[in-house]
file model.txt (compact mmCIF, C-alpha atoms and all ligand atoms)
# COMPACT_ATOMS: atom_id res chain seq x y z
CA MET M 1 149.72 205.13 -12.47
CA SER M 2 147.53 207.22 -14.75
CA ILE M 3 143.96 206.14 -15.57
CA PRO M 4 144.13 203.83 -18.64
CA VAL M 5 142.83 205.11 -21.98
CA ILE M 6 142.43 203.44 -25.37
CA THR M 7 141.99 205.98 -28.17
CA ILE M 8 140.25 205.05 -31.42
CA ASP M 9 140.62 207.70 -34.10
CA GLY M 10 139.60 207.68 -37.74
CA PRO M 11 137.21 209.15 -40.32
CA SER M 12 133.42 209.08 -40.12
CA GLY M 13 131.77 205.73 -40.71
CA ALA M 14 134.81 203.50 -40.21
CA GLY M 15 133.02 201.63 -37.40
CA LYS M 16 134.72 203.43 -34.49
CA GLY M 17 131.48 203.83 -32.52
CA THR M 18 130.49 200.16 -32.67
CA VAL M 19 134.01 198.92 -31.94
CA SER M 20 134.51 201.40 -29.09
CA ARG M 21 131.21 200.50 -27.44
CA LEU M 22 131.93 196.76 -27.68
CA LEU M 23 135.42 197.28 -26.31
CA ALA M 24 134.22 199.45 -23.42
CA LYS M 25 131.60 196.85 -22.55
CA LYS M 26 134.13 194.00 -22.67
CA LEU M 27 136.60 195.85 -20.46
CA GLY M 28 133.95 197.40 -18.18
CA TRP M 29 135.40 200.84 -19.00
CA HIS M 30 133.73 204.17 -19.74
CA TYR M 31 133.08 205.32 -23.30
CA LEU M 32 133.59 208.78 -24.79
CA ASP M 33 131.88 209.46 -28.12
CA SER M 34 133.64 212.78 -28.76
CA GLY M 35 131.82 213.23 -32.08
CA SER M 36 128.54 213.43 -30.17
CA ILE M 37 129.90 216.43 -28.22
CA TYR M 38 130.62 218.25 -31.50
CA ARG M 39 127.25 217.08 -32.85
CA SER M 40 125.42 218.34 -29.73
CA LEU M 41 127.01 221.73 -30.15
CA ALA M 42 126.00 221.65 -33.83
CA ILE M 43 122.37 221.09 -32.75
CA GLY M 44 122.60 224.15 -30.49
CA VAL M 45 124.06 226.15 -33.41
CA LEU M 46 121.33 224.97 -35.80
CA ASN M 47 118.53 225.57 -33.25
CA LYS M 48 119.68 229.14 -32.77
CA ALA M 49 120.42 229.57 -36.49
CA LEU M 50 123.95 230.76 -35.72
CA ASP M 51 126.36 231.31 -38.59
CA VAL M 52 129.04 228.56 -38.63
CA THR M 53 131.72 231.27 -38.86
CA ASP M 54 130.40 233.30 -35.88
CA VAL M 55 133.18 232.20 -33.49
CA ASP M 56 132.13 234.30 -30.46
CA SER M 57 128.52 233.07 -30.44
CA ILE M 58 129.56 229.44 -30.96
CA VAL M 59 132.15 229.65 -28.16
CA THR M 60 129.46 231.05 -25.82
CA GLU M 61 127.11 228.27 -26.87
CA ALA M 62 129.87 225.70 -26.18
CA MET M 63 130.61 227.15 -22.74
CA GLU M 64 126.93 227.24 -21.74
CA MET M 65 126.03 223.85 -23.22
CA ARG M 66 124.38 221.62 -20.59
CA LEU M 67 124.98 218.10 -21.86
CA VAL M 68 124.02 214.91 -20.03
CA PHE M 69 125.07 211.44 -21.24
CA GLU M 70 123.10 208.46 -20.00
CA CYS M 71 124.89 205.21 -20.66
CA GLY M 72 122.27 202.50 -20.20
CA GLU M 73 121.61 199.79 -22.79
CA ALA M 74 121.94 202.48 -25.45
CA LEU M 75 123.59 205.90 -25.18
CA ARG M 76 121.11 208.74 -24.65
CA VAL M 77 122.11 212.38 -24.84
CA CYS M 78 120.19 215.34 -23.41
CA LEU M 79 120.91 218.97 -24.25
CA ALA M 80 119.39 221.54 -21.89
CA GLY M 81 116.95 218.90 -20.63
CA GLN M 82 115.83 217.78 -24.12
CA ASP M 83 116.54 214.30 -25.48
CA ILE M 84 118.54 214.89 -28.69
CA THR M 85 119.65 211.26 -29.25
CA GLN M 86 117.70 210.88 -32.52
CA GLN M 87 118.80 214.23 -33.95
CA LEU M 88 122.48 213.45 -33.38
CA ALA M 89 122.50 211.01 -36.30
CA LEU M 90 121.19 213.46 -38.90
CA GLU M 91 123.49 214.17 -41.87
CA GLN M 92 122.97 217.92 -41.49
CA VAL M 93 124.09 217.71 -37.86
CA GLY M 94 127.26 215.78 -38.79
CA ASN M 95 128.12 218.23 -41.55
CA THR M 96 127.58 221.25 -39.27
CA ALA M 97 129.65 219.56 -36.55
CA SER M 98 132.50 219.16 -39.03
CA LYS M 99 132.26 222.86 -39.96
CA ILE M 100 132.37 224.18 -36.39
CA ALA M 101 135.10 221.67 -35.49
CA VAL M 102 137.56 223.68 -37.63
CA LEU M 103 137.43 226.54 -35.07
CA PRO M 104 140.38 226.31 -32.62
CA GLU M 105 138.55 228.41 -29.98
CA VAL M 106 135.66 225.94 -30.02
CA ARG M 107 138.00 222.94 -29.75
CA GLN M 108 139.70 224.56 -26.76
CA VAL M 109 136.38 224.89 -24.87
CA LEU M 110 135.46 221.27 -25.63
CA LEU M 111 138.89 219.89 -24.64
CA GLN M 112 138.32 219.79 -20.87
CA LYS M 113 134.78 218.44 -21.29
CA GLN M 114 136.31 215.45 -23.11
CA GLN M 115 139.23 214.96 -20.68
CA ASP M 116 136.72 214.83 -17.78
CA PHE M 117 135.58 211.42 -19.09
CA ARG M 118 138.91 209.89 -18.00
CA VAL M 119 137.82 208.18 -14.80
CA LEU M 120 138.55 204.78 -13.29
CA PRO M 121 138.59 201.97 -14.21
CA GLY M 122 139.44 203.27 -17.69
CA LEU M 123 138.20 204.95 -20.86
CA VAL M 124 137.69 204.07 -24.51
CA ALA M 125 137.75 207.38 -26.41
CA ASP M 126 136.47 207.61 -29.98
CA GLY M 127 137.09 210.58 -32.29
CA ARG M 128 139.53 212.33 -34.63
CA ASP M 129 142.17 213.74 -32.26
CA MET M 130 141.88 211.46 -29.22
CA GLY M 131 145.40 210.00 -29.51
CA THR M 132 147.05 213.15 -30.85
CA VAL M 133 145.56 216.01 -28.78
CA VAL M 134 143.02 215.03 -26.12
CA PHE M 135 144.81 211.99 -24.62
CA PRO M 136 148.34 212.05 -26.09
CA ASP M 137 149.59 209.91 -23.18
CA ALA M 138 147.03 207.13 -23.84
CA GLN M 139 148.39 203.63 -23.19
CA TYR M 140 146.87 202.22 -26.39
CA LYS M 141 146.12 203.99 -29.67
CA VAL M 142 144.22 202.72 -32.69
CA TYR M 143 143.55 204.33 -36.08
CA LEU M 144 140.53 202.75 -37.75
CA THR M 145 139.67 203.54 -41.35
CA ALA M 146 137.87 202.13 -44.43
CA SER M 147 137.47 203.26 -48.03
CA ALA M 148 135.03 206.17 -48.61
CA LEU M 149 132.82 203.94 -50.77
CA LYS M 150 132.61 201.20 -48.12
CA ARG M 151 131.75 203.80 -45.47
CA ALA M 152 129.08 205.35 -47.69
CA GLU M 153 127.60 201.90 -48.40
CA ARG M 154 127.35 201.18 -44.64
CA ARG M 155 125.72 204.55 -44.02
CA TYR M 156 123.31 203.97 -46.92
CA LYS M 157 122.28 200.62 -45.43
CA GLN M 158 121.76 202.15 -41.96
CA LEU M 159 119.59 204.96 -43.35
CA LYS M 160 117.53 202.57 -45.48
CA GLU M 161 116.97 200.34 -42.44
CA LYS M 162 115.62 203.37 -40.61
CA GLY M 163 113.32 204.08 -43.56
CA ILE M 164 115.24 207.27 -44.43
CA ASP M 165 115.66 208.03 -48.12
CA ALA M 166 119.33 208.16 -49.22
CA ASN M 167 121.45 208.47 -52.32
CA LEU M 168 124.71 206.51 -52.42
CA SER M 169 126.68 208.83 -54.69
CA ARG M 170 125.57 211.89 -52.65
CA LEU M 171 126.61 210.11 -49.41
CA THR M 172 130.03 209.20 -50.90
CA LYS M 173 130.57 212.80 -51.97
CA ASP M 174 129.57 214.10 -48.51
CA ILE M 175 131.92 211.63 -46.82
CA GLU M 176 134.83 212.65 -49.05
CA GLU M 177 134.12 216.32 -48.40
CA ARG M 178 133.92 215.72 -44.64
CA ASP M 179 137.18 213.71 -44.69
CA ARG M 180 138.88 216.56 -46.51
CA ARG M 181 137.63 219.19 -44.03
CA ASP M 182 138.50 217.05 -40.97
CA SER M 183 142.00 216.24 -42.32
CA GLU M 184 142.97 219.59 -43.77
CA ARG M 185 141.91 221.88 -40.91
CA ALA M 186 144.76 223.59 -39.04
CA ALA M 187 143.42 222.82 -35.55
CA ALA M 188 143.84 219.19 -34.44
CA PRO M 189 143.34 217.66 -37.90
CA LEU M 190 142.44 214.01 -38.34
CA SER M 191 145.80 212.25 -38.52
CA ILE M 192 147.32 208.90 -37.62
CA PRO M 193 149.00 209.02 -34.18
CA VAL M 194 152.63 207.88 -34.65
CA ASP M 195 152.29 205.08 -32.12
CA ALA M 196 148.86 203.82 -33.30
CA LEU M 197 147.80 200.39 -34.48
CA PHE M 198 146.47 200.98 -38.04
CA ILE M 199 143.39 198.96 -39.04
CA ASP M 200 141.54 199.10 -42.37
CA SER M 201 138.02 197.73 -41.79
CA SER M 202 136.97 197.81 -45.49
CA ASP M 203 136.98 194.04 -45.87
CA ILE M 204 136.89 192.67 -42.34
CA THR M 205 134.11 192.33 -39.78
CA ILE M 206 133.68 194.44 -36.65
CA HIS M 207 134.53 191.35 -34.58
CA ALA M 208 137.80 190.87 -36.48
CA VAL M 209 138.62 194.53 -35.76
CA LEU M 210 137.84 194.00 -32.08
CA ASP M 211 140.11 190.93 -31.95
CA LYS M 212 142.99 192.91 -33.47
CA ILE M 213 142.60 195.61 -30.82
CA LEU M 214 142.30 193.13 -27.96
CA SER M 215 145.50 191.45 -29.15
CA ILE M 216 147.55 194.57 -28.31
CA ILE M 217 146.02 195.10 -24.88
CA SER M 218 148.05 193.60 -22.10
CA ILE M 219 146.63 190.62 -20.19
CA GLU M 220 146.64 192.53 -16.87
CA THR M 221 144.20 195.10 -18.30
CA VAL M 222 141.75 192.62 -19.84
O1 LIG E 301 132.51 211.10 -35.39
P1 LIG E 301 131.37 211.98 -35.87
O2 LIG E 301 131.00 211.73 -37.30
O3 LIG E 301 130.20 211.90 -34.94
O4 LIG E 301 131.93 213.49 -35.78
C1 LIG E 301 131.20 214.58 -36.30
C2 LIG E 301 132.16 215.72 -36.62
O5 LIG E 301 132.72 216.24 -35.39
C3 LIG E 301 133.37 215.31 -37.46
O6 LIG E 301 133.11 215.45 -38.85
C4 LIG E 301 134.46 216.25 -37.00
C5 LIG E 301 134.09 216.60 -35.58
N1 LIG E 301 134.91 215.90 -34.61
C6 LIG E 301 136.15 216.42 -34.33
O7 LIG E 301 136.55 217.39 -34.97
N2 LIG E 301 136.93 215.87 -33.38
C7 LIG E 301 136.53 214.78 -32.70
N3 LIG E 301 137.31 214.26 -31.76
C8 LIG E 301 135.26 214.21 -32.99
C9 LIG E 301 134.48 214.78 -33.96
call {"tool": "encode", "arguments": {"input": "model.txt", "output": "structure tokens"}}
result
Amino acid sequence: MSIPVITIDGPSGAGKGTVSRLLAKKLGWHYLDSGSIYRSLAIGVLNKALDVTDVDSIVTEAMEMRLVFECGEALRVCLAGQDITQQLALEQVGNTASKIAVLPEVRQVLLQKQQDFRVLPGLVADGRDMGTVVFPDAQYKVYLTASALKRAERRYKQLKEKGIDANLSRLTKDIEERDRRDSERAAAPLSIPVDALFIDSSDITIHAVLDKILSIISIETV
């Protein structure tokens, strides 16, 4: 039997990260935050001031990227020996990640790195193309979304809590622009896997989302 995978796809800010981490903890499975792989590459691209259309240099950067994930109480990510956990959350990093994610050559290099996370006892994989491209044979697939305004409001609250200045209408615009780029790109666009459970988290809590997902997972797995 193949190693079990639950894929959770959807746009930025729908709550995928929180739900996936809770689910992985509950099941005792591994967790793949695929967005953080694209974000780590974006940090490399920004550090070296590479042009986001310079495919060859970005592919080289992706191939040489030395990434280490430490899954303790909180996820910590190191790139070439440097802790980049804090930088990963920056808006500029997310926007650059979305721009380089349109490049099929880059996606191809990152594909195997993501598939390597599929180890026993199982994996919860969070991203945009987990159920469609990276793990098309996943046993369980979820598509988690929320309205752009709700997602921007959540992001605004998070930034304010961290003492970072933010503007709600700017955040909403950025989210809509990112959604458009992630959904309209030719390579592995954000789309709903045909066999996915669709959940709109706009008006329900994270725990209600988790309960919906757990209800489709067979008793033997839980
Ligand atoms: O989930 P996130 O916001 O951390 O992802 C950042 C960007 O990375 C997102 O805008 C598009 C890209 N991405 C992707 O193309 N495919 C994935 N599986 C995950 C992220």
call {"tool": "residues_near_ligand", "arguments": {"input": "model.txt", "ligand": "ligand LIG 301 (chain E)", "cutoff": "9 Å", "atoms": "only C-alpha atoms and all ligand atoms", "output": "MDAnalysis selection string"}}
result
chainID M and resid 9:13 16:17 33:39 42 88:89 93:102 107 114 125:130 133:134 175 178:179 181:182 187:190
call {"tool": "write_last_selection", "arguments": {"input": "model.txt", "atoms": "C-alpha atoms", "output": "tab-separated table (two decimals), keeping the file's coordinate frame"}}
result
chain	number	residue	atom	x	y	z
M	9	ASP	CA	140.62	207.70	-34.10
M	10	GLY	CA	139.60	207.68	-37.74
M	11	PRO	CA	137.21	209.15	-40.32
M	12	SER	CA	133.42	209.08	-40.12
M	13	GLY	CA	131.77	205.73	-40.71
M	16	LYS	CA	134.72	203.43	-34.49
M	17	GLY	CA	131.48	203.83	-32.52
M	33	ASP	CA	131.88	209.46	-28.12
M	34	SER	CA	133.64	212.78	-28.76
M	35	GLY	CA	131.82	213.23	-32.08
M	36	SER	CA	128.54	213.43	-30.17
M	37	ILE	CA	129.90	216.43	-28.22
M	38	TYR	CA	130.62	218.25	-31.50
M	39	ARG	CA	127.25	217.08	-32.85
M	42	ALA	CA	126.00	221.65	-33.83
M	88	LEU	CA	122.48	213.45	-33.38
M	89	ALA	CA	122.50	211.01	-36.30
M	93	VAL	CA	124.09	217.71	-37.86
M	94	GLY	CA	127.26	215.78	-38.79
M	95	ASN	CA	128.12	218.23	-41.55
M	96	THR	CA	127.58	221.25	-39.27
M	97	ALA	CA	129.65	219.56	-36.55
M	98	SER	CA	132.50	219.16	-39.03
M	99	LYS	CA	132.26	222.86	-39.96
M	100	ILE	CA	132.37	224.18	-36.39
M	101	ALA	CA	135.10	221.67	-35.49
M	102	VAL	CA	137.56	223.68	-37.63
M	107	ARG	CA	138.00	222.94	-29.75
M	114	GLN	CA	136.31	215.45	-23.11
M	125	ALA	CA	137.75	207.38	-26.41
M	126	ASP	CA	136.47	207.61	-29.98
M	127	GLY	CA	137.09	210.58	-32.29
M	128	ARG	CA	139.53	212.33	-34.63
M	129	ASP	CA	142.17	213.74	-32.26
M	130	MET	CA	141.88	211.46	-29.22
M	133	VAL	CA	145.56	216.01	-28.78
M	134	VAL	CA	143.02	215.03	-26.12
M	175	ILE	CA	131.92	211.63	-46.82
M	178	ARG	CA	133.92	215.72	-44.64
M	179	ASP	CA	137.18	213.71	-44.69
M	181	ARG	CA	137.63	219.19	-44.03
M	182	ASP	CA	138.50	217.05	-40.97
M	187	ALA	CA	143.42	222.82	-35.55
M	188	ALA	CA	143.84	219.19	-34.44
M	189	PRO	CA	143.34	217.66	-37.90
M	190	LEU	CA	142.44	214.01	-38.34
call {"tool": "closest_residue", "arguments": {"input": "model.txt", "among": "M:Asp83, M:Asp56, M:Glu64, M:Asp195", "to": "M:Val142", "atoms": "only C-alpha atoms"}}
result
M:Asp195
call {"tool": "residues_around", "arguments": {"input": "model.txt", "residues": "stretch 171-173 of chain M", "least_positions_apart": "6", "cutoff": "10 Å", "atoms": "all atoms listed in the file", "output": "VMD selection string"}}
result
chain M and resid 91 147 to 153 155 to 156 179
call {"tool": "atom_distance", "arguments": {"input": "model.txt", "atom1": "atom CA of M:Val68", "atom2": "atom CA of M:Gln86"}}
result
14.6 Å
call {"tool": "residues_near_point", "arguments": {"input": "model.txt", "point": "(146.9, 206.0, -22.1)", "cutoff": "10 Å", "atoms": "all atoms listed in the file", "output": "PDB file with C-alpha atoms, in the coordinates of the input"}}
result
ATOM      1  CA  SER M   2     147.530 207.220 -14.750  1.00  0.00           C
ATOM      2  CA  ILE M   3     143.960 206.140 -15.570  1.00  0.00           C
ATOM      3  CA  PRO M   4     144.130 203.830 -18.640  1.00  0.00           C
ATOM      4  CA  VAL M   5     142.830 205.110 -21.980  1.00  0.00           C
ATOM      5  CA  ILE M   6     142.430 203.440 -25.370  1.00  0.00           C
ATOM      6  CA  THR M   7     141.990 205.980 -28.170  1.00  0.00           C
ATOM      7  CA  ARG M 118     138.910 209.890 -18.000  1.00  0.00           C
ATOM      8  CA  GLY M 122     139.440 203.270 -17.690  1.00  0.00           C
ATOM      9  CA  LEU M 123     138.200 204.950 -20.860  1.00  0.00           C
ATOM     10  CA  VAL M 124     137.690 204.070 -24.510  1.00  0.00           C
ATOM     11  CA  GLY M 131     145.400 210.000 -29.510  1.00  0.00           C
ATOM     12  CA  PHE M 135     144.810 211.990 -24.620  1.00  0.00           C
ATOM     13  CA  PRO M 136     148.340 212.050 -26.090  1.00  0.00           C
ATOM     14  CA  ASP M 137     149.590 209.910 -23.180  1.00  0.00           C
ATOM     15  CA  ALA M 138     147.030 207.130 -23.840  1.00  0.00           C
ATOM     16  CA  GLN M 139     148.390 203.630 -23.190  1.00  0.00           C
ATOM     17  CA  TYR M 140     146.870 202.220 -26.390  1.00  0.00           C
ATOM     18  CA  LYS M 141     146.120 203.990 -29.670  1.00  0.00           C
TER      19      LYS M 141
END
call {"tool": "residues_around", "arguments": {"input": "model.txt", "residues": "M:His207", "least_positions_apart": "6", "cutoff": "10 Å", "atoms": "only C-alpha atoms", "output": "PyMOL selection string"}}
result
chain M and resi 18-19+22+213
call {"tool": "closest_residue", "arguments": {"input": "model.txt", "among": "M:Leu197, M:Leu67, M:Val119, M:Ala74", "to": "M:Val209", "atoms": "only C-alpha atoms"}}
result
M:Leu197
call {"tool": "atom_distance", "arguments": {"input": "model.txt", "atom1": "atom CA of M:Phe69", "atom2": "atom CA of M:Ala14"}}
result
22.8 Å
call {"tool": "axis_aligned_box", "arguments": {"input": "model.txt", "around": "stretch 39-52 of chain M", "padding_each_side": "3 Å", "output": "lines of an AutoDock Vina configuration file"}}
result
center_x = 123.8
center_y = 224.2
center_z = -34.2
size_x = 16.5
size_y = 20.2
size_z = 14.9
call {"tool": "atom_distance", "arguments": {"input": "model.txt", "atom1": "atom CA of M:Arg154", "atom2": "atom CA of M:Asp174"}}
result
13.7 Å
call {"tool": "closest_residue", "arguments": {"input": "model.txt", "among": "M:Ala186, M:Leu168, M:Ile84, M:Leu103", "to": "M:Asn47", "atoms": "all atoms listed in the file"}}
result
M:Ile84
call {"tool": "decode", "arguments": {"input": "model.txt", "residues": "stretch 7-19 of chain M", "atoms": "all heavy atoms", "output": "mmCIF file, in the first residue's frame"}}
result
data_model
loop_
_atom_site.group_PDB
_atom_site.id
_atom_site.type_symbol
_atom_site.label_atom_id
_atom_site.label_comp_id
_atom_site.auth_asym_id
_atom_site.auth_seq_id
_atom_site.Cartn_x
_atom_site.Cartn_y
_atom_site.Cartn_z
ATOM 1 N N THR M 7 -3.978 15.892 0.896
ATOM 2 C CA THR M 7 -3.553 17.154 0.288
ATOM 3 C C THR M 7 -4.558 18.251 0.651
ATOM 4 O O THR M 7 -5.770 18.009 0.674
ATOM 5 C CB THR M 7 -3.459 17.038 -1.248
ATOM 6 O OG1 THR M 7 -4.749 16.684 -1.767
ATOM 7 C CG2 THR M 7 -2.430 15.998 -1.655
ATOM 8 N N ILE M 8 -4.032 19.428 0.945
ATOM 9 C CA ILE M 8 -4.892 20.577 1.270
ATOM 10 C C ILE M 8 -4.457 21.731 0.378
ATOM 11 O O ILE M 8 -3.406 22.344 0.592
ATOM 12 C CB ILE M 8 -4.806 20.943 2.760
ATOM 13 C CG1 ILE M 8 -5.114 19.676 3.590
ATOM 14 C CG2 ILE M 8 -5.738 22.104 3.090
ATOM 15 C CD1 ILE M 8 -5.488 19.878 5.013
ATOM 16 N N ASP M 9 -5.225 21.965 -0.668
ATOM 17 C CA ASP M 9 -4.906 23.043 -1.603
ATOM 18 C C ASP M 9 -5.859 24.213 -1.407
ATOM 19 O O ASP M 9 -6.942 24.051 -0.849
ATOM 20 C CB ASP M 9 -5.022 22.529 -3.045
ATOM 21 C CG ASP M 9 -3.890 21.568 -3.397
ATOM 22 O OD1 ASP M 9 -2.713 21.948 -3.202
ATOM 23 O OD2 ASP M 9 -4.173 20.440 -3.844
ATOM 24 N N GLY M 10 -5.436 25.371 -1.926
ATOM 25 C CA GLY M 10 -6.296 26.547 -1.845
ATOM 26 C C GLY M 10 -5.471 27.813 -1.924
ATOM 27 O O GLY M 10 -4.237 27.757 -1.914
ATOM 28 N N PRO M 11 -6.145 28.963 -2.010
ATOM 29 C CA PRO M 11 -5.421 30.238 -2.131
ATOM 30 C C PRO M 11 -4.758 30.645 -0.821
ATOM 31 O O PRO M 11 -5.045 30.075 0.233
ATOM 32 C CB PRO M 11 -6.536 31.219 -2.508
ATOM 33 C CG PRO M 11 -7.762 30.636 -1.894
ATOM 34 C CD PRO M 11 -7.606 29.150 -1.974
ATOM 35 N N SER M 12 -3.892 31.655 -0.917
ATOM 36 C CA SER M 12 -3.196 32.188 0.260
ATOM 37 C C SER M 12 -4.172 32.683 1.311
ATOM 38 O O SER M 12 -5.159 33.344 0.974
ATOM 39 C CB SER M 12 -2.372 33.409 -0.164
ATOM 40 O OG SER M 12 -1.055 33.062 -0.299
ATOM 41 N N GLY M 13 -3.884 32.362 2.565
ATOM 42 C CA GLY M 13 -4.653 32.940 3.665
ATOM 43 C C GLY M 13 -5.976 32.262 3.967
ATOM 44 O O GLY M 13 -6.767 32.779 4.757
ATOM 45 N N ALA M 14 -6.221 31.092 3.386
ATOM 46 C CA ALA M 14 -7.503 30.409 3.645
ATOM 47 C C ALA M 14 -7.457 29.623 4.952
ATOM 48 O O ALA M 14 -8.459 29.072 5.382
ATOM 49 C CB ALA M 14 -7.860 29.493 2.484
ATOM 50 N N GLY M 15 -6.258 29.525 5.556
ATOM 51 C CA GLY M 15 -6.126 28.791 6.820
ATOM 52 C C GLY M 15 -5.517 27.419 6.627
ATOM 53 O O GLY M 15 -5.508 26.595 7.546
ATOM 54 N N LYS M 16 -4.981 27.166 5.415
ATOM 55 C CA LYS M 16 -4.407 25.835 5.110
ATOM 56 C C LYS M 16 -3.305 25.451 6.082
ATOM 57 O O LYS M 16 -3.228 24.310 6.528
ATOM 58 C CB LYS M 16 -3.796 25.808 3.696
ATOM 59 C CG LYS M 16 -4.784 25.836 2.583
ATOM 60 C CD LYS M 16 -4.053 25.919 1.264
ATOM 61 C CE LYS M 16 -3.429 27.263 1.087
ATOM 62 N NZ LYS M 16 -2.210 27.500 0.529
ATOM 63 N N GLY M 17 -2.414 26.413 6.381
ATOM 64 C CA GLY M 17 -1.253 26.123 7.238
ATOM 65 C C GLY M 17 -1.687 25.672 8.621
ATOM 66 O O GLY M 17 -1.253 24.625 9.102
ATOM 67 N N THR M 18 -2.592 26.443 9.233
ATOM 68 C CA THR M 18 -3.048 26.104 10.587
ATOM 69 C C THR M 18 -3.756 24.757 10.595
ATOM 70 O O THR M 18 -3.467 23.891 11.423
ATOM 71 C CB THR M 18 -4.025 27.199 11.092
ATOM 72 O OG1 THR M 18 -3.409 28.462 10.862
ATOM 73 C CG2 THR M 18 -4.337 27.034 12.550
ATOM 74 N N VAL M 19 -4.668 24.567 9.635
ATOM 75 C CA VAL M 19 -5.426 23.315 9.581
ATOM 76 C C VAL M 19 -4.484 22.129 9.327
ATOM 77 O O VAL M 19 -4.586 21.086 9.986
ATOM 78 C CB VAL M 19 -6.499 23.400 8.456
ATOM 79 C CG1 VAL M 19 -7.095 22.038 8.162
ATOM 80 C CG2 VAL M 19 -7.592 24.362 8.858
#
